[in-house]
Each structure stands twice: as structure tokens, then as C-alpha cells.
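Engineer: Input coords_22.txt, format and content: compact mmCIF, N, CA and C atoms.
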```
# COMPACT_ATOMS: atom_id res chain seq x y z
N MET G 236 15.41 23.52 61.71
CA MET G 236 14.00 23.30 61.48
C MET G 236 13.62 21.87 61.86
N PHE G 237 14.30 20.88 61.24
CA PHE G 237 14.05 19.48 61.61
C PHE G 237 15.24 19.00 62.42
N THR G 238 14.95 18.14 63.32
CA THR G 238 16.03 17.56 64.12
C THR G 238 16.69 16.45 63.31
N PRO G 239 17.92 16.13 63.61
CA PRO G 239 18.59 15.05 62.87
C PRO G 239 17.85 13.73 62.93
N ALA G 240 17.15 13.46 64.01
CA ALA G 240 16.40 12.20 64.12
C ALA G 240 15.25 12.17 63.11
N VAL G 241 14.58 13.30 62.93
CA VAL G 241 13.47 13.36 61.99
C VAL G 241 13.99 13.21 60.55
N ILE G 242 15.10 13.86 60.26
CA ILE G 242 15.69 13.76 58.93
C ILE G 242 16.11 12.33 58.63
N ARG G 243 16.69 11.66 59.62
CA ARG G 243 17.10 10.27 59.46
C ARG G 243 15.89 9.38 59.24
N ALA G 244 14.80 9.64 59.96
CA ALA G 244 13.59 8.85 59.80
C ALA G 244 12.98 9.05 58.41
N LEU G 245 13.04 10.30 57.89
CA LEU G 245 12.51 10.56 56.56
C LEU G 245 13.35 9.88 55.47
N ARG G 246 14.65 9.82 55.68
CA ARG G 246 15.52 9.15 54.70
C ARG G 246 15.30 7.64 54.69
N LYS G 247 14.92 7.07 55.81
CA LYS G 247 14.69 5.62 55.86
C LYS G 247 13.31 5.24 55.34
N ASN G 248 12.41 6.19 55.28
CA ASN G 248 11.04 5.91 54.85
C ASN G 248 11.05 5.57 53.35
N LYS G 249 10.64 4.34 53.03
CA LYS G 249 10.69 3.88 51.64
C LYS G 249 9.64 4.56 50.77
N THR G 250 8.54 4.97 51.36
CA THR G 250 7.51 5.66 50.57
C THR G 250 8.04 6.99 50.06
N LEU G 251 8.71 7.72 50.92
CA LEU G 251 9.26 9.00 50.50
C LEU G 251 10.45 8.81 49.57
N ARG G 252 11.20 7.77 49.78
CA ARG G 252 12.42 7.56 48.99
C ARG G 252 12.13 7.02 47.59
N TYR G 253 11.17 6.11 47.47
CA TYR G 253 10.90 5.48 46.18
C TYR G 253 9.51 5.82 45.62
N GLY G 254 8.52 5.94 46.46
CA GLY G 254 7.15 6.14 46.00
C GLY G 254 6.90 7.53 45.45
N VAL G 255 7.35 8.55 46.16
CA VAL G 255 7.11 9.93 45.72
C VAL G 255 7.81 10.23 44.40
N PRO G 256 9.09 9.86 44.21
CA PRO G 256 9.68 10.10 42.89
C PRO G 256 8.97 9.34 41.76
N MET G 257 8.49 8.15 42.07
CA MET G 257 7.77 7.38 41.05
C MET G 257 6.46 8.08 40.67
N LEU G 258 5.72 8.57 41.66
CA LEU G 258 4.48 9.29 41.36
C LEU G 258 4.77 10.58 40.60
N LEU G 259 5.82 11.29 40.98
CA LEU G 259 6.18 12.50 40.25
C LEU G 259 6.54 12.19 38.80
N LEU G 260 7.22 11.08 38.57
CA LEU G 260 7.58 10.68 37.21
C LEU G 260 6.33 10.34 36.40
N ILE G 261 5.39 9.64 37.00
CA ILE G 261 4.17 9.25 36.29
C ILE G 261 3.33 10.48 35.97
N ILE G 262 3.12 11.34 36.95
CA ILE G 262 2.28 12.52 36.74
C ILE G 262 2.98 13.51 35.79
N GLY G 263 4.27 13.72 35.99
CA GLY G 263 5.01 14.62 35.10
C GLY G 263 5.08 14.07 33.69
N GLY G 264 5.20 12.75 33.55
CA GLY G 264 5.23 12.14 32.23
C GLY G 264 3.92 12.31 31.49
N SER G 265 2.82 12.26 32.22
CA SER G 265 1.53 12.45 31.54
C SER G 265 1.39 13.87 31.02
N PHE G 266 1.86 14.85 31.79
CA PHE G 266 1.82 16.23 31.30
C PHE G 266 2.75 16.42 30.11
N GLY G 267 3.94 15.84 30.17
CA GLY G 267 4.87 15.93 29.05
C GLY G 267 4.33 15.26 27.81
N LEU G 268 3.71 14.11 27.97
CA LEU G 268 3.14 13.39 26.84
C LEU G 268 1.99 14.18 26.21
N ARG G 269 1.23 14.86 27.06
CA ARG G 269 0.14 15.69 26.54
C ARG G 269 0.70 16.81 25.66
N GLU G 270 1.79 17.41 26.09
CA GLU G 270 2.39 18.50 25.30
C GLU G 270 2.93 17.99 23.97
N PHE G 271 3.61 16.86 23.98
CA PHE G 271 4.14 16.31 22.73
C PHE G 271 3.03 15.86 21.79
N SER G 272 1.96 15.32 22.34
CA SER G 272 0.83 14.93 21.50
C SER G 272 0.17 16.16 20.88
N GLN G 273 0.09 17.24 21.63
CA GLN G 273 -0.50 18.46 21.12
C GLN G 273 0.32 19.03 19.96
N ILE G 274 1.63 18.91 20.04
CA ILE G 274 2.49 19.36 18.94
C ILE G 274 2.16 18.59 17.67
N ARG G 275 1.91 17.29 17.80
CA ARG G 275 1.57 16.48 16.63
C ARG G 275 0.28 16.95 15.99
N TYR G 276 -0.74 17.23 16.81
CA TYR G 276 -2.02 17.65 16.26
C TYR G 276 -1.94 19.07 15.70
N ASP G 277 -1.12 19.93 16.30
CA ASP G 277 -0.96 21.28 15.77
C ASP G 277 -0.25 21.25 14.43
N ALA G 278 0.69 20.34 14.25
CA ALA G 278 1.42 20.24 12.99
C ALA G 278 0.49 19.79 11.87
N VAL G 279 -0.50 18.97 12.17
CA VAL G 279 -1.44 18.51 11.15
C VAL G 279 -2.33 19.67 10.70
N LYS G 280 -2.65 20.57 11.61
CA LYS G 280 -3.53 21.69 11.28
C LYS G 280 -2.86 22.71 10.37
N ASN G 281 -1.53 22.80 10.44
CA ASN G 281 -0.83 23.77 9.61
C ASN G 281 -0.99 23.43 8.13
N LYS G 282 -1.27 24.43 7.35
CA LYS G 282 -1.45 24.22 5.92
C LYS G 282 -0.12 24.37 5.20
N LEU G 283 0.03 23.62 4.12
CA LEU G 283 1.21 23.72 3.28
C LEU G 283 1.09 24.93 2.35
N ASP G 284 2.20 25.33 1.81
CA ASP G 284 2.22 26.39 0.82
C ASP G 284 1.41 25.94 -0.39
N PRO G 285 0.50 26.77 -0.91
CA PRO G 285 -0.34 26.34 -2.04
C PRO G 285 0.46 25.94 -3.28
N GLU G 286 1.56 26.63 -3.53
CA GLU G 286 2.39 26.28 -4.69
C GLU G 286 3.03 24.90 -4.50
N PHE G 287 3.46 24.62 -3.28
CA PHE G 287 4.06 23.32 -2.98
C PHE G 287 3.02 22.21 -3.10
N GLU G 288 1.79 22.48 -2.64
CA GLU G 288 0.71 21.49 -2.78
C GLU G 288 0.41 21.21 -4.25
N LYS G 289 0.46 22.25 -5.07
CA LYS G 289 0.21 22.09 -6.50
C LYS G 289 1.27 21.20 -7.14
N ARG G 290 2.54 21.42 -6.75
CA ARG G 290 3.62 20.59 -7.30
C ARG G 290 3.49 19.14 -6.82
N LEU G 291 3.05 18.95 -5.58
CA LEU G 291 2.87 17.58 -5.08
C LEU G 291 1.77 16.86 -5.85
N ARG G 292 0.70 17.54 -6.11
CA ARG G 292 -0.40 16.91 -6.84
C ARG G 292 -0.02 16.61 -8.28
N ALA G 293 0.79 17.47 -8.89
CA ALA G 293 1.20 17.26 -10.29
C ALA G 293 2.23 16.15 -10.40
N ASN G 294 2.91 15.86 -9.33
CA ASN G 294 4.00 14.88 -9.35
C ASN G 294 3.55 13.51 -8.82
N LYS G 295 2.34 13.13 -9.09
CA LYS G 295 1.84 11.85 -8.58
C LYS G 295 2.57 10.69 -9.25
N ILE G 296 3.12 9.83 -8.45
CA ILE G 296 3.75 8.61 -8.94
C ILE G 296 2.93 7.45 -8.40
N THR G 297 2.42 6.65 -9.30
CA THR G 297 1.59 5.54 -8.89
C THR G 297 2.36 4.23 -9.02
N LEU G 298 1.84 3.22 -8.41
CA LEU G 298 2.45 1.91 -8.48
C LEU G 298 2.42 1.38 -9.92
N GLU G 299 1.35 1.68 -10.62
CA GLU G 299 1.22 1.22 -12.00
C GLU G 299 2.27 1.88 -12.90
N SER G 300 2.53 3.19 -12.69
CA SER G 300 3.52 3.87 -13.53
C SER G 300 4.92 3.32 -13.26
N GLU G 301 5.22 3.00 -12.03
CA GLU G 301 6.53 2.42 -11.71
C GLU G 301 6.64 1.00 -12.28
N TYR G 302 5.55 0.27 -12.25
CA TYR G 302 5.56 -1.07 -12.83
C TYR G 302 5.81 -1.01 -14.33
N GLU G 303 5.22 -0.04 -15.00
CA GLU G 303 5.43 0.11 -16.44
C GLU G 303 6.89 0.40 -16.75
N LYS G 304 7.57 1.12 -15.88
CA LYS G 304 8.98 1.43 -16.11
C LYS G 304 9.86 0.19 -16.06
N ILE G 305 9.59 -0.71 -15.12
CA ILE G 305 10.48 -1.86 -14.93
C ILE G 305 9.96 -3.15 -15.56
N ARG G 306 8.80 -3.10 -16.17
CA ARG G 306 8.21 -4.32 -16.73
C ARG G 306 9.07 -4.91 -17.84
N ASP G 307 9.63 -4.07 -18.68
CA ASP G 307 10.40 -4.55 -19.83
C ASP G 307 11.85 -4.84 -19.48
N SER G 308 12.25 -4.61 -18.26
CA SER G 308 13.65 -4.87 -17.87
C SER G 308 13.90 -6.36 -17.79
N THR G 309 15.11 -6.74 -18.12
CA THR G 309 15.48 -8.14 -18.00
C THR G 309 16.39 -8.29 -16.79
N PHE G 310 16.03 -9.20 -15.94
CA PHE G 310 16.82 -9.43 -14.74
C PHE G 310 17.66 -10.71 -14.87
N ASP G 311 17.71 -11.28 -16.06
CA ASP G 311 18.51 -12.49 -16.25
C ASP G 311 20.00 -12.18 -16.19
N GLU G 312 20.38 -10.99 -16.61
CA GLU G 312 21.79 -10.62 -16.62
C GLU G 312 22.22 -9.96 -15.33
N TRP G 313 21.34 -9.91 -14.35
CA TRP G 313 21.63 -9.25 -13.08
C TRP G 313 22.66 -10.06 -12.31
N LYS G 314 23.57 -9.34 -11.67
CA LYS G 314 24.63 -10.00 -10.92
C LYS G 314 24.73 -9.34 -9.55
N ASN G 315 24.76 -10.14 -8.51
CA ASN G 315 24.86 -9.63 -7.15
C ASN G 315 26.32 -9.31 -6.85
N ILE G 316 26.61 -8.07 -6.51
CA ILE G 316 27.97 -7.65 -6.19
C ILE G 316 28.00 -7.23 -4.73
N ARG G 317 28.85 -7.87 -3.98
CA ARG G 317 28.95 -7.54 -2.56
C ARG G 317 29.62 -6.20 -2.38
N GLY G 318 29.10 -5.40 -1.47
CA GLY G 318 29.70 -4.10 -1.18
C GLY G 318 30.98 -4.28 -0.38
N PRO G 319 31.86 -3.31 -0.46
CA PRO G 319 33.14 -3.43 0.22
C PRO G 319 33.02 -3.21 1.73
N ARG G 320 33.88 -3.86 2.46
CA ARG G 320 33.99 -3.61 3.89
C ARG G 320 34.87 -2.38 4.06
N PRO G 321 34.85 -1.76 5.24
CA PRO G 321 35.61 -0.51 5.39
C PRO G 321 37.10 -0.65 5.11
N TRP G 322 37.68 -1.79 5.34
CA TRP G 322 39.11 -1.96 5.14
C TRP G 322 39.47 -2.43 3.73
N GLU G 323 38.49 -2.71 2.91
CA GLU G 323 38.74 -3.19 1.56
C GLU G 323 38.66 -2.04 0.55
N ASP G 324 39.40 -2.19 -0.55
CA ASP G 324 39.36 -1.22 -1.63
C ASP G 324 38.15 -1.55 -2.50
N PRO G 325 37.17 -0.64 -2.62
CA PRO G 325 35.95 -0.96 -3.37
C PRO G 325 36.20 -1.18 -4.86
N ASP G 326 37.20 -0.51 -5.44
CA ASP G 326 37.45 -0.65 -6.87
C ASP G 326 38.02 -2.03 -7.20
N LEU G 327 38.92 -2.52 -6.36
CA LEU G 327 39.51 -3.83 -6.62
C LEU G 327 38.52 -4.95 -6.34
N LEU G 328 37.68 -4.75 -5.34
CA LEU G 328 36.72 -5.79 -4.96
C LEU G 328 35.69 -6.02 -6.07
N GLN G 329 35.25 -4.98 -6.72
CA GLN G 329 34.19 -5.11 -7.71
C GLN G 329 34.74 -5.29 -9.12
N GLY G 330 36.03 -5.52 -9.26
CA GLY G 330 36.60 -5.84 -10.56
C GLY G 330 36.82 -4.64 -11.45
N ARG G 331 36.85 -3.45 -10.88
CA ARG G 331 37.10 -2.27 -11.69
C ARG G 331 38.56 -1.88 -11.59
N ASN G 332 39.04 -1.22 -12.60
CA ASN G 332 40.42 -0.78 -12.62
C ASN G 332 40.52 0.59 -11.96
N PRO G 333 41.23 0.71 -10.83
CA PRO G 333 41.28 1.99 -10.13
C PRO G 333 41.96 3.09 -10.92
N GLU G 334 42.92 2.77 -11.81
CA GLU G 334 43.61 3.80 -12.58
C GLU G 334 42.67 4.47 -13.58
N SER G 335 41.79 3.67 -14.18
CA SER G 335 40.86 4.25 -15.15
C SER G 335 39.83 5.13 -14.44
N LEU G 336 39.48 4.79 -13.20
CA LEU G 336 38.52 5.61 -12.46
C LEU G 336 39.15 6.93 -12.05
N LYS G 337 40.45 6.92 -11.73
CA LYS G 337 41.11 8.16 -11.32
C LYS G 337 41.16 9.15 -12.47
N THR G 338 41.36 8.66 -13.68
CA THR G 338 41.43 9.56 -14.82
C THR G 338 40.06 10.11 -15.16
N LYS G 339 39.00 9.36 -14.90
CA LYS G 339 37.65 9.85 -15.18
C LYS G 339 37.23 10.94 -14.19
N ARG G 340 37.68 10.83 -12.96
CA ARG G 340 37.27 11.78 -11.94
C ARG G 340 37.88 13.15 -12.15
N THR G 341 39.08 13.20 -12.67
CA THR G 341 39.75 14.51 -12.82
C THR G 341 39.37 15.22 -14.08
```
As a first step, turn the structure in this file into C-alpha cells.
Structural biologist:
Amino acid sequence: MFTPAVIRALRKNKTLRYGVPMLLLIIGGSFGLREFSQIRYDAVKNKLDPEFEKRLRANKITLESEYEKIRDSTFDEWKNIRGPRPWEDPDLLQGRNPESLKTKRT
């Protein structure tokens, strides 16, 4: 169909080699982005189960209620304990006795 000279000329053409794939990526990306955006808007339109909505409304946790829980706590006795690294034994690092923990677990 095409002669080898024409094929060679098309391969050397920078517009066909770099420009066309770039345009295809931009145009195809816009269509893909439109589809993903539509999924987001469709998900917002879906209604939740009425029973689940009722439980969500009954389970309201406010900032004030959480503040009331921790207001009377004393942080003077708080101690920062570093977490163990993967190669360290967490029980020995935090000053706990590993033998007493083994008996509690069983």
C-alpha cells in the first residue's frame, strides 16, 4: 500500500510521532475525566438507606460533647512513650514484663 520511502518519511515526521499522540492523550483524557466526574455526581444523587440515615442522625457527636469528655482529664501525669521499631521488642522497650503479658493472653 505504502512504499518504504513514504513509511520512512512518516516515521521521521515529528508531528505524527509526537504531536498526534499528545493530542489523542489530551482529547481522550478529557473524555475520561468527564466520565469520572459523572460518577462523582451520580454517587451524590443516590439516597442512603432510611434506617441508616436515622442512626446517623441519632448518633450526632459534637465538638462540645467531646470537649466535655476530656475537660476533667489531667494531662500532668501524661508520659510520652516511643513506639517500637520493627526490630525491637515492644514489651521490653515500654517497660512491661513480657512473661506477665503472655499469661494474660492465654
Engineer: CA of Asn248 in chain G and CA of Phe266 in chain G are how many Å apart?
Structural biologist: 27.3 Å
Engineer: What's the separation between atom N of Arg252 in chain G and atom N of Met236 in chain G, in Å to one decimal place?
Structural biologist: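 Answer for the atom N of Arg252 in chain G to atom N of Met236 in chain G separation: 20.2 Å.
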Engineer: Step by step, gather every atom of range 279-298 of chain G that the file lists, find the box along x, y and z that holds them, add 5 Å on each side, and finally give centre and edge lengths in Å to one decimal, as AutoDock Vina command-line options.
Structural biologist:
```
--center_x 0.3 --center_y 14.1 --center_z 0.9 --size_x 17.6 --size_y 35.4 --size_z 32.6
```
Engineer: Tell me, which residues of range 254-333 of chain G carry DSSP alpha helix (DSSP H), written as a PyMOL selection string?
Structural biologist: chain G and resi 255-280+285-293+298-306+325-328+333
Engineer: Given the block above, output range 241-338 of chain G with C-alpha atoms as a CSV table (one decimal), in the first residue's frame.
Structural biologist:
```
chain,number,residue,atom,x,y,z
G,241,VAL,CA,6.7,7.0,2.4
G,242,ILE,CA,6.7,4.9,5.6
G,243,ARG,CA,10.2,6.2,6.4
G,244,ALA,CA,9.1,9.8,5.8
G,245,LEU,CA,6.1,9.3,8.1
G,246,ARG,CA,8.3,7.9,10.8
G,247,LYS,CA,10.6,10.9,10.6
G,248,ASN,CA,7.8,13.4,10.8
G,249,LYS,CA,7.8,14.8,14.3
G,250,THR,CA,4.2,16.0,14.1
G,251,LEU,CA,3.0,12.4,13.6
G,252,ARG,CA,5.4,11.0,16.0
G,253,TYR,CA,4.9,13.3,19.0
G,254,GLY,CA,2.0,15.7,18.2
G,255,VAL,CA,-0.7,13.2,17.3
G,256,PRO,CA,-0.2,11.0,20.4
G,257,MET,CA,-0.2,14.2,22.6
G,258,LEU,CA,-3.5,15.4,21.1
G,259,LEU,CA,-5.0,11.9,21.5
G,260,LEU,CA,-3.9,11.9,25.1
G,261,ILE,CA,-5.4,15.4,25.8
G,262,ILE,CA,-8.7,14.6,24.0
G,263,GLY,CA,-9.0,11.1,25.4
G,264,GLY,CA,-8.2,12.4,28.9
G,265,SER,CA,-11.0,15.0,28.7
G,266,PHE,CA,-13.5,12.2,27.9
G,267,GLY,CA,-12.1,10.0,30.7
G,268,LEU,CA,-12.3,12.9,33.2
G,269,ARG,CA,-15.9,13.6,32.2
G,270,GLU,CA,-16.8,10.0,32.9
G,271,PHE,CA,-15.1,10.0,36.3
G,272,SER,CA,-16.7,13.3,37.2
G,273,GLN,CA,-20.1,12.0,36.3
G,274,ILE,CA,-19.6,9.0,38.6
G,275,ARG,CA,-19.0,11.5,41.5
G,276,TYR,CA,-22.2,13.4,40.8
G,277,ASP,CA,-24.2,10.2,40.4
G,278,ALA,CA,-23.0,8.9,43.7
G,279,VAL,CA,-24.2,12.1,45.4
G,280,LYS,CA,-27.7,11.6,43.9
G,281,ASN,CA,-28.0,8.1,45.4
G,282,LYS,CA,-30.0,8.1,48.6
G,283,LEU,CA,-28.9,6.3,51.7
G,284,ASP,CA,-31.0,3.6,53.4
G,285,PRO,CA,-33.6,5.5,55.6
G,286,GLU,CA,-32.7,3.3,58.6
G,287,PHE,CA,-29.0,4.1,58.3
G,288,GLU,CA,-29.8,7.8,58.0
G,289,LYS,CA,-31.9,7.6,61.2
G,290,ARG,CA,-29.0,6.0,63.0
G,291,LEU,CA,-26.6,8.7,61.7
G,292,ARG,CA,-28.8,11.5,62.9
G,293,ALA,CA,-29.3,9.9,66.3
G,294,ASN,CA,-25.5,9.4,66.7
G,295,LYS,CA,-24.5,13.1,66.5
G,296,ILE,CA,-21.2,13.8,68.1
G,297,THR,CA,-20.4,17.4,68.6
G,298,LEU,CA,-17.3,19.2,69.4
G,299,GLU,CA,-18.8,20.4,72.7
G,300,SER,CA,-19.7,16.9,73.8
G,301,GLU,CA,-16.2,15.7,73.1
G,302,TYR,CA,-14.8,18.6,75.0
G,303,GLU,CA,-16.9,17.8,78.0
G,304,LYS,CA,-15.5,14.2,78.0
G,305,ILE,CA,-11.8,15.4,78.2
G,306,ARG,CA,-12.2,18.6,80.1
G,307,ASP,CA,-11.8,17.0,83.5
G,308,SER,CA,-8.8,14.8,82.4
G,309,THR,CA,-5.4,15.6,83.9
G,310,PHE,CA,-2.5,15.6,81.5
G,311,ASP,CA,0.1,16.3,84.1
G,312,GLU,CA,0.8,12.6,84.6
G,313,TRP,CA,1.0,12.0,80.8
G,314,LYS,CA,4.1,10.4,79.6
G,315,ASN,CA,5.4,10.2,76.0
G,316,ILE,CA,6.3,6.6,75.2
G,317,ARG,CA,8.1,6.0,71.9
G,318,GLY,CA,6.7,3.2,69.8
G,319,PRO,CA,8.9,0.2,68.9
G,320,ARG,CA,10.9,-0.1,65.7
G,321,PRO,CA,10.3,-3.3,63.7
G,322,TRP,CA,13.4,-5.0,65.1
G,323,GLU,CA,12.8,-4.0,68.7
G,324,ASP,CA,10.7,-6.0,71.3
G,325,PRO,CA,7.8,-3.7,72.1
G,326,ASP,CA,7.3,-5.2,75.6
G,327,LEU,CA,10.8,-4.6,76.7
G,328,LEU,CA,11.0,-1.1,75.2
G,329,GLN,CA,8.0,0.2,77.1
G,330,GLY,CA,9.0,-1.3,80.4
G,331,ARG,CA,6.4,-4.1,80.5
G,332,ASN,CA,7.2,-7.6,81.6
G,333,PRO,CA,6.7,-10.0,78.6
G,334,GLU,CA,6.1,-13.0,80.8
G,335,SER,CA,3.1,-11.4,82.6
G,336,LEU,CA,1.7,-10.4,79.2
G,337,LYS,CA,1.9,-14.0,77.9
G,338,THR,CA,-0.1,-15.3,80.8
```
